[in-house]
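Shown next: structure-v8.pdb, containing PDB, C-alpha atoms.
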ATOM      1  CA  MET A   1     -33.525-104.468 -86.288
ATOM      2  CA  ASN A   2     -34.288-100.748 -86.208
ATOM      3  CA  LYS A   3     -32.501 -98.570 -83.654
ATOM      4  CA  THR A   4     -33.424 -95.241 -82.162
ATOM      5  CA  LEU A   5     -31.231 -92.268 -82.955
ATOM      6  CA  SER A   6     -30.159 -92.291 -79.306
ATOM      7  CA  GLN A   7     -28.934 -95.905 -79.512
ATOM      8  CA  TRP A   8     -27.122 -95.231 -82.778
ATOM      9  CA  LEU A   9     -25.274 -92.156 -81.490
ATOM     10  CA  GLN A  10     -24.401 -93.829 -78.165
ATOM     11  CA  ALA A  11     -22.799 -96.669 -80.167
ATOM     12  CA  GLY A  12     -20.158 -94.147 -81.259
ATOM     13  CA  HIS A  13     -21.328 -93.331 -84.780
ATOM     14  CA  SER A  14     -20.693 -89.884 -86.227
ATOM     15  CA  PRO A  15     -23.748 -87.705 -86.939
ATOM     16  CA  GLN A  16     -22.342 -87.105 -90.463
ATOM     17  CA  GLU A  17     -22.920 -90.808 -91.198
ATOM     18  CA  LEU A  18     -26.673 -90.153 -90.887
ATOM     19  CA  ILE A  19     -26.942 -88.221 -94.154
ATOM     20  CA  GLY A  20     -29.116 -90.178 -96.577
ATOM     21  CA  LYS A  21     -30.594 -92.477 -93.912
ATOM     22  CA  GLN A  22     -34.341 -93.011 -93.621
ATOM     23  CA  VAL A  23     -36.018 -92.344 -90.274
ATOM     24  CA  LEU A  24     -39.453 -92.502 -88.712
ATOM     25  CA  TYR A  25     -40.381 -89.421 -86.672
ATOM     26  CA  THR A  26     -43.860 -88.309 -85.543
ATOM     27  CA  ARG A  27     -45.368 -91.204 -87.535
ATOM     28  CA  LYS A  28     -43.885 -89.843 -90.765
ATOM     29  CA  TYR A  29     -41.019 -91.131 -92.879
ATOM     30  CA  TYR A  30     -38.170 -88.720 -93.510
ATOM     31  CA  GLU A  31     -34.703 -88.742 -95.027
ATOM     32  CA  ILE A  32     -31.857 -87.027 -93.204
ATOM     33  CA  ILE A  33     -30.552 -84.542 -95.775
ATOM     34  CA  ASP A  34     -28.049 -82.579 -93.706
ATOM     35  CA  VAL A  35     -26.297 -82.378 -90.337
ATOM     36  CA  LEU A  36     -25.655 -78.916 -88.900
ATOM     37  CA  GLN A  37     -22.672 -79.579 -86.639
ATOM     38  CA  ASP A  38     -22.516 -76.073 -85.134
ATOM     39  CA  ASP A  39     -26.200 -76.215 -84.171
ATOM     40  CA  HIS A  40     -26.166 -79.938 -83.241
ATOM     41  CA  ALA A  41     -29.146 -80.414 -85.529
ATOM     42  CA  LEU A  42     -30.446 -82.761 -88.212
ATOM     43  CA  VAL A  43     -32.373 -81.557 -91.248
ATOM     44  CA  LEU A  44     -35.122 -83.994 -92.235
ATOM     45  CA  SER A  45     -37.072 -83.984 -95.507
ATOM     46  CA  SER A  46     -40.218 -85.910 -96.434
ATOM     47  CA  GLU A  47     -41.299 -86.420-100.035
ATOM     48  CA  ASP A  48     -44.520 -88.039 -98.761
ATOM     49  CA  HIS A  49     -45.709 -84.868 -97.052
ATOM     50  CA  GLU A  50     -45.647 -81.493 -98.751
ATOM     51  CA  GLN A  51     -46.134 -77.974 -97.515
ATOM     52  CA  VAL A  52     -46.909 -74.765 -99.348
ATOM     53  CA  GLN A  53     -43.950 -72.421 -99.720
ATOM     54  CA  ASP A  54     -44.642 -68.706 -99.882
ATOM     55  CA  ASP A  55     -42.908 -66.409-102.337
ATOM     56  CA  SER A  56     -41.065 -63.269-101.192
ATOM     57  CA  TYR A  57     -44.409 -61.414-100.979
ATOM     58  CA  GLY A  58     -46.003 -63.993 -98.662
ATOM     59  CA  ARG A  59     -48.250 -65.509-101.323
ATOM     60  CA  ALA A  60     -48.644 -69.275-101.546
ATOM     61  CA  HIS A  61     -46.435 -70.217-104.436
ATOM     62  CA  ARG A  62     -45.543 -73.908-104.706
ATOM     63  CA  LEU A  63     -45.507 -77.267-102.952
ATOM     64  CA  VAL A  64     -42.182 -78.340-101.453
ATOM     65  CA  PRO A  65     -41.194 -81.364 -99.340
ATOM     66  CA  GLU A  66     -41.930 -80.958 -95.651
ATOM     67  CA  THR A  67     -38.761 -80.358 -93.662
ATOM     68  CA  ALA A  68     -37.963 -80.529 -89.970
ATOM     69  CA  LEU A  69     -34.982 -79.231 -87.996
ATOM     70  CA  ILE A  70     -34.223 -81.471 -85.020
ATOM     71  CA  HIS A  71     -31.656 -80.549 -82.368
ATOM     72  CA  PHE A  72     -30.132 -83.872 -81.298
ATOM     73  CA  CYS A  73     -27.962 -82.619 -78.402
ATOM     74  CA  ASP A  74     -27.163 -79.500 -76.408
ATOM     75  CA  GLU A  75     -23.943 -77.469 -76.416
ATOM     76  CA  HIS A  76     -22.478 -79.838 -73.784
ATOM     77  CA  GLY A  77     -23.089 -82.940 -75.903
ATOM     78  CA  VAL A  78     -26.012 -84.246 -73.859
ATOM     79  CA  LEU A  79     -28.467 -86.064 -76.129
ATOM     80  CA  ALA A  80     -31.914 -84.502 -76.448
ATOM     81  CA  HIS A  81     -34.989 -86.519 -75.482
ATOM     82  CA  VAL A  82     -36.183 -86.360 -79.093
ATOM     83  CA  CYS A  83     -33.403 -88.838 -79.970
ATOM     84  CA  HIS A  84     -35.522 -91.575 -78.360
ATOM     85  CA  ASP A  85     -38.433 -90.690 -80.662
ATOM     86  CA  ILE A  86     -36.521 -90.985 -83.957
ATOM     87  CA  THR A  87     -36.183 -94.500 -85.352
ATOM     88  CA  LEU A  88     -33.579 -95.310 -87.990
ATOM     89  CA  ILE A  89     -35.079 -97.527 -90.675
ATOM     90  CA  ALA A  90     -32.912-100.535 -91.473
ATOM     91  CA  THR A  91     -32.146-100.804 -95.178
ATOM     92  CA  LYS A  92     -30.800-103.755 -97.106
ATOM     93  CA  ASN A  93     -27.388-103.145 -98.675
TER      94      ASN A  93
END

Could you write out this file's structure as structure tokens?
Amino acid sequence: MNKTLSQWLQAGHSPQELIGKQVLYTRKYYEIIDVLQDDHALVLSSEDHEQVQDDSYGRAHRLVPETALIHFCDEHGVLAHVCHDITLIATKN
């Protein structure tokens, strides 16, 4: 059964354990590629959706995976509402 990010974190798991996990967020599939502990944020990447990356002169240069930075809690450790909108995808081991 799939769990929301909120359920998973409330079960006592460390955010670092999320790296490499697949999630569903805003109807798109992402992989969690990093956890920024100081910012309380997850970095998501989607190979299915690409965006154009500009070069240093602002010209469209190449396609890169779409990324998203999601703040999962505030500085006091209170979970953000977005945690209810992120579903961890169960994988078979």

Next on the checklist: Can you spell out as a list of chain:residue names the set of residues that the PyMOL selection byres ((chain A and resi 19) around 9) selects in the structure I just provided?
Outcome noted: A:Pro15, A:Gln16, A:Glu17, A:Leu18, A:Gly20, A:Lys21, A:Gln22, A:Glu31, A:Ile32, A:Ile33, A:Asp34, A:Val35, A:Leu42

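Closest approach to His49 of chain A among A:Arg62, A:Asp85, A:Gln37, A:Thr67 is made by A:Thr67 (distances from all atoms listed in the file).
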
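Residues lying within 6 Å of (-44.0, -82.8, -99.4). Counted over only C-alpha atoms, they are A:Ser46, A:Glu47, A:Asp48, A:His49, A:Glu50, A:Gln51, A:Val64, A:Pro65, A:Glu66.
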
Checklist entry - Residues picked by the PyMOL selection byres ((chain A and resi 69) around 9) here, as JSON, numbers by chain? => result {"A": [41, 42, 43, 44, 67, 68, 70, 71]}

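For the point (-45.3, -92.0, -81.4), the residues with at least one atom inside 12 Å, counting all atoms listed in the file, are Leu24, Tyr25, Thr26, Arg27, Lys28, Val82, His84, Asp85, Ile86 and Thr87 of chain A.
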
Next on the checklist: What would the selection look like, as an MDAnalysis selection string, if the PyMOL selection byres ((chain A and resi 90) around 9) were run on the coordinates I just shared?
Outcome noted: chainID A and resid 1:3 21:23 88:89 91:92

Checklist entry - Looking at all atoms listed in the file, which of A:Leu9, A:Asp38, A:Arg59, A:Val52 is the one that sits closest to Ala80 of chain A? => result A:Leu9

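Here atom CA of Asp39 of chain A is placed at a distance of 20.4 Å from atom CA of Gln7 of chain A.
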
Next on the checklist: As an exercise, work out the distance from atom CA of Tyr29 of chain A to atom CA of Gln53 of chain A in Å and give it to one decimal place.
Outcome noted: 20.1 Å

Next on the checklist: What does the structure give for the distance between atom CA of Ser45 of chain A and atom CA of Gly12 of chain A, in Å to one decimal?
Outcome noted: 24.3 Å

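Considering the residues A:Asp54, A:His40, A:Gln10, A:His61 and counting only C-alpha atoms, Asp74 of chain A has its shortest atom-to-atom contact with A:His40.
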
Where atoms are missing, can you supply N, CA and C atoms for segment 2-35 of chain A and output the lot as a PDB file, in the frame of the given file?
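Okay, out_12.pdb is ready:
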ATOM      1  N   ASN A   2     -34.371-102.207 -86.210  1.00  0.00           N
ATOM      2  CA  ASN A   2     -34.288-100.748 -86.208  1.00  0.00           C
ATOM      3  C   ASN A   2     -33.797-100.251 -84.855  1.00  0.00           C
ATOM      4  N   LYS A   3     -33.009 -99.182 -84.879  1.00  0.00           N
ATOM      5  CA  LYS A   3     -32.501 -98.570 -83.654  1.00  0.00           C
ATOM      6  C   LYS A   3     -33.029 -97.148 -83.549  1.00  0.00           C
ATOM      7  N   THR A   4     -33.098 -96.653 -82.330  1.00  0.00           N
ATOM      8  CA  THR A   4     -33.424 -95.241 -82.162  1.00  0.00           C
ATOM      9  C   THR A   4     -32.173 -94.425 -82.455  1.00  0.00           C
ATOM     10  N   LEU A   5     -32.366 -93.160 -82.725  1.00  0.00           N
ATOM     11  CA  LEU A   5     -31.231 -92.268 -82.955  1.00  0.00           C
ATOM     12  C   LEU A   5     -30.329 -92.247 -81.728  1.00  0.00           C
ATOM     13  N   SER A   6     -30.916 -92.279 -80.557  1.00  0.00           N
ATOM     14  CA  SER A   6     -30.159 -92.291 -79.306  1.00  0.00           C
ATOM     15  C   SER A   6     -29.230 -93.504 -79.243  1.00  0.00           C
ATOM     16  N   GLN A   7     -29.744 -94.683 -79.531  1.00  0.00           N
ATOM     17  CA  GLN A   7     -28.934 -95.905 -79.512  1.00  0.00           C
ATOM     18  C   GLN A   7     -27.799 -95.823 -80.531  1.00  0.00           C
ATOM     19  N   TRP A   8     -28.107 -95.311 -81.694  1.00  0.00           N
ATOM     20  CA  TRP A   8     -27.122 -95.231 -82.778  1.00  0.00           C
ATOM     21  C   TRP A   8     -25.984 -94.292 -82.403  1.00  0.00           C
ATOM     22  N   LEU A   9     -26.312 -93.116 -81.872  1.00  0.00           N
ATOM     23  CA  LEU A   9     -25.274 -92.156 -81.490  1.00  0.00           C
ATOM     24  C   LEU A   9     -24.463 -92.652 -80.293  1.00  0.00           C
ATOM     25  N   GLN A  10     -25.111 -93.301 -79.341  1.00  0.00           N
ATOM     26  CA  GLN A  10     -24.401 -93.829 -78.165  1.00  0.00           C
ATOM     27  C   GLN A  10     -23.461 -94.969 -78.539  1.00  0.00           C
ATOM     28  N   ALA A  11     -23.682 -95.597 -79.700  1.00  0.00           N
ATOM     29  CA  ALA A  11     -22.799 -96.669 -80.167  1.00  0.00           C
ATOM     30  C   ALA A  11     -21.514 -96.101 -80.766  1.00  0.00           C
ATOM     31  N   GLY A  12     -21.397 -94.773 -80.807  1.00  0.00           N
ATOM     32  CA  GLY A  12     -20.158 -94.147 -81.259  1.00  0.00           C
ATOM     33  C   GLY A  12     -20.132 -93.711 -82.709  1.00  0.00           C
ATOM     34  N   HIS A  13     -21.276 -93.762 -83.388  1.00  0.00           N
ATOM     35  CA  HIS A  13     -21.328 -93.331 -84.780  1.00  0.00           C
ATOM     36  C   HIS A  13     -21.293 -91.813 -84.885  1.00  0.00           C
ATOM     37  N   SER A  14     -20.745 -91.319 -85.968  1.00  0.00           N
ATOM     38  CA  SER A  14     -20.693 -89.884 -86.227  1.00  0.00           C
ATOM     39  C   SER A  14     -22.036 -89.404 -86.788  1.00  0.00           C
ATOM     40  N   PRO A  15     -22.503 -88.236 -86.369  1.00  0.00           N
ATOM     41  CA  PRO A  15     -23.748 -87.705 -86.939  1.00  0.00           C
ATOM     42  C   PRO A  15     -23.670 -87.547 -88.465  1.00  0.00           C
ATOM     43  N   GLN A  16     -22.488 -87.270 -89.011  1.00  0.00           N
ATOM     44  CA  GLN A  16     -22.342 -87.105 -90.463  1.00  0.00           C
ATOM     45  C   GLN A  16     -22.723 -88.373 -91.217  1.00  0.00           C
ATOM     46  N   GLU A  17     -22.568 -89.534 -90.579  1.00  0.00           N
ATOM     47  CA  GLU A  17     -22.920 -90.808 -91.198  1.00  0.00           C
ATOM     48  C   GLU A  17     -24.431 -90.945 -91.408  1.00  0.00           C
ATOM     49  N   LEU A  18     -25.214 -90.075 -90.795  1.00  0.00           N
ATOM     50  CA  LEU A  18     -26.673 -90.153 -90.887  1.00  0.00           C
ATOM     51  C   LEU A  18     -27.220 -89.626 -92.203  1.00  0.00           C
ATOM     52  N   ILE A  19     -26.446 -88.817 -92.909  1.00  0.00           N
ATOM     53  CA  ILE A  19     -26.942 -88.221 -94.154  1.00  0.00           C
ATOM     54  C   ILE A  19     -27.347 -89.320 -95.134  1.00  0.00           C
ATOM     55  N   GLY A  20     -28.573 -89.205 -95.635  1.00  0.00           N
ATOM     56  CA  GLY A  20     -29.116 -90.178 -96.577  1.00  0.00           C
ATOM     57  C   GLY A  20     -29.908 -91.294 -95.924  1.00  0.00           C
ATOM     58  N   LYS A  21     -29.862 -91.411 -94.608  1.00  0.00           N
ATOM     59  CA  LYS A  21     -30.594 -92.477 -93.912  1.00  0.00           C
ATOM     60  C   LYS A  21     -32.075 -92.118 -93.784  1.00  0.00           C
ATOM     61  N   GLN A  22     -32.906 -93.150 -93.801  1.00  0.00           N
ATOM     62  CA  GLN A  22     -34.341 -93.011 -93.621  1.00  0.00           C
ATOM     63  C   GLN A  22     -34.674 -93.140 -92.145  1.00  0.00           C
ATOM     64  N   VAL A  23     -35.594 -92.297 -91.666  1.00  0.00           N
ATOM     65  CA  VAL A  23     -36.018 -92.344 -90.274  1.00  0.00           C
ATOM     66  C   VAL A  23     -37.530 -92.223 -90.175  1.00  0.00           C
ATOM     67  N   LEU A  24     -38.036 -92.658 -89.043  1.00  0.00           N
ATOM     68  CA  LEU A  24     -39.453 -92.502 -88.712  1.00  0.00           C
ATOM     69  C   LEU A  24     -39.526 -91.545 -87.533  1.00  0.00           C
ATOM     70  N   TYR A  25     -40.256 -90.443 -87.712  1.00  0.00           N
ATOM     71  CA  TYR A  25     -40.381 -89.421 -86.672  1.00  0.00           C
ATOM     72  C   TYR A  25     -41.787 -88.850 -86.738  1.00  0.00           C
ATOM     73  N   THR A  26     -42.462 -88.778 -85.650  1.00  0.00           N
ATOM     74  CA  THR A  26     -43.860 -88.309 -85.543  1.00  0.00           C
ATOM     75  C   THR A  26     -44.771 -89.026 -86.546  1.00  0.00           C
ATOM     76  N   ARG A  27     -44.566 -90.349 -86.656  1.00  0.00           N
ATOM     77  CA  ARG A  27     -45.368 -91.204 -87.535  1.00  0.00           C
ATOM     78  C   ARG A  27     -45.232 -90.847 -89.012  1.00  0.00           C
ATOM     79  N   LYS A  28     -44.154 -90.192 -89.369  1.00  0.00           N
ATOM     80  CA  LYS A  28     -43.885 -89.843 -90.765  1.00  0.00           C
ATOM     81  C   LYS A  28     -42.489 -90.325 -91.130  1.00  0.00           C
ATOM     82  N   TYR A  29     -42.329 -90.713 -92.385  1.00  0.00           N
ATOM     83  CA  TYR A  29     -41.019 -91.131 -92.879  1.00  0.00           C
ATOM     84  C   TYR A  29     -40.277 -89.924 -93.441  1.00  0.00           C
ATOM     85  N   TYR A  30     -39.022 -89.806 -93.065  1.00  0.00           N
ATOM     86  CA  TYR A  30     -38.170 -88.720 -93.510  1.00  0.00           C
ATOM     87  C   TYR A  30     -36.829 -89.284 -93.967  1.00  0.00           C
ATOM     88  N   GLU A  31     -36.101 -88.468 -94.713  1.00  0.00           N
ATOM     89  CA  GLU A  31     -34.703 -88.742 -95.027  1.00  0.00           C
ATOM     90  C   GLU A  31     -33.873 -87.644 -94.378  1.00  0.00           C
ATOM     91  N   ILE A  32     -32.765 -88.027 -93.773  1.00  0.00           N
ATOM     92  CA  ILE A  32     -31.857 -87.027 -93.204  1.00  0.00           C
ATOM     93  C   ILE A  32     -31.044 -86.453 -94.358  1.00  0.00           C
ATOM     94  N   ILE A  33     -31.217 -85.149 -94.618  1.00  0.00           N
ATOM     95  CA  ILE A  33     -30.552 -84.542 -95.775  1.00  0.00           C
ATOM     96  C   ILE A  33     -29.348 -83.694 -95.394  1.00  0.00           C
ATOM     97  N   ASP A  34     -29.198 -83.362 -94.116  1.00  0.00           N
ATOM     98  CA  ASP A  34     -28.049 -82.579 -93.706  1.00  0.00           C
ATOM     99  C   ASP A  34     -27.859 -82.685 -92.196  1.00  0.00           C
ATOM    100  N   VAL A  35     -26.626 -82.454 -91.759  1.00  0.00           N
ATOM    101  CA  VAL A  35     -26.297 -82.378 -90.337  1.00  0.00           C
ATOM    102  C   VAL A  35     -25.632 -81.030 -90.107  1.00  0.00           C
TER     103      VAL A  35
END
